[in-house]
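In what follows, a single structure is set out as structure tokens and then discussed.
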Amino acid sequence: MTMTKLGKRMLLLALLAAVLCTAQAAWAGSEKYAFRLTEASSDTTLELDQLTEDKPLIFLVWSPECPHCQRHMPYVAALYKKLDLEQVNFVTCSVDAPVREAVEYLESKNLSFPVLDGNKGELGSGFTSQGWPTTFVFAPGGRFVGWCDTSGPNYVTEVLDMLEHARPESTQQ
């Protein structure tokens, strides 16, 4: 059975449409995980590209008014203690409440995580579409590795496992 010219053209158009959709999805994915936000204590503007320039990034989205986020903080603190901050960047992003409340909440718990103001600046839709608390892991160069919304003892292990997948090939021996 041979294809007619019309059939070949339809197949070609379908393939072209698939390529365009894939390219659009890749572009949308990069916009989905982008941010340009101000760090609360230093008033410094930080971006995803900057924080993933030479090492992985762990990025926690949370709200100080969220009861789930408050219950989650001891696990975040346990993760933070296990990190070598010379090898990985770690920032939190406060959403849905004034950043001042996030800073005050962390201080009241004797925690000192960097806090970005998710209410001002640019925060890609991918960071809030999962709800909060949600932790995102990026490899150097900004490649998205994965996200974790586990709240409990397995949280630390899951994020550290993702972090291993974010490390450059040369350090995974």
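Naming scheme: A, B, ... for chains in displayed order of the structure tokens; residues 1 onward per chain; ligands 1 onward as shown.
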
Quiz item: Using only C-alpha atoms, which residues sit within 12 Å of region 156-171 of chain A once same-chain residues fewer than 4 positions away are excluded, as a PyMOL selection string?
Solution: chain A and resi 52-60+72-84+87-90+134-152

Exercise. May I have the residues within 10 Å of Leu37 (chain A) as a VMD selection string, using only C-alpha atoms and disregarding those fewer than 5 positions away in the same chain?
Key: chain A and resid 43 to 48 93 115 to 123

Quiz item: What is the CA of Glu101 (chain A) to CA of Phe127 (chain A) distance in Å?
Solution: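 Computing the Euclidean distance for CA of Glu101 (chain A) and CA of Phe127 (chain A) yields 19.8 Å.
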
Exercise. Considering only C-alpha atoms, state which residue in the set A:Lys32, A:Leu85, A:Gly124, A:Trp132 is at the smallest distance from Pro67 (chain A).
Key: A:Trp132

Practice problem: Enumerate as a count of residues only all residues of region 2-169 of chain A assigned to alpha helix (DSSP H) by DSSP on the backbone, naming them with the chain letters and numbers the document uses. | Solution: 71

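Here CA of Arg100 (chain A) and CA of Asn154 (chain A) stand 29.5 Å from one another.
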
Quiz item: So what do you get for CA of Asp49 (chain A) versus CA of Gln70 (chain A), distance-wise?
Solution: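 CA of Gln70 (chain A) lies at a distance of 28.6 Å from CA of Asp49 (chain A).
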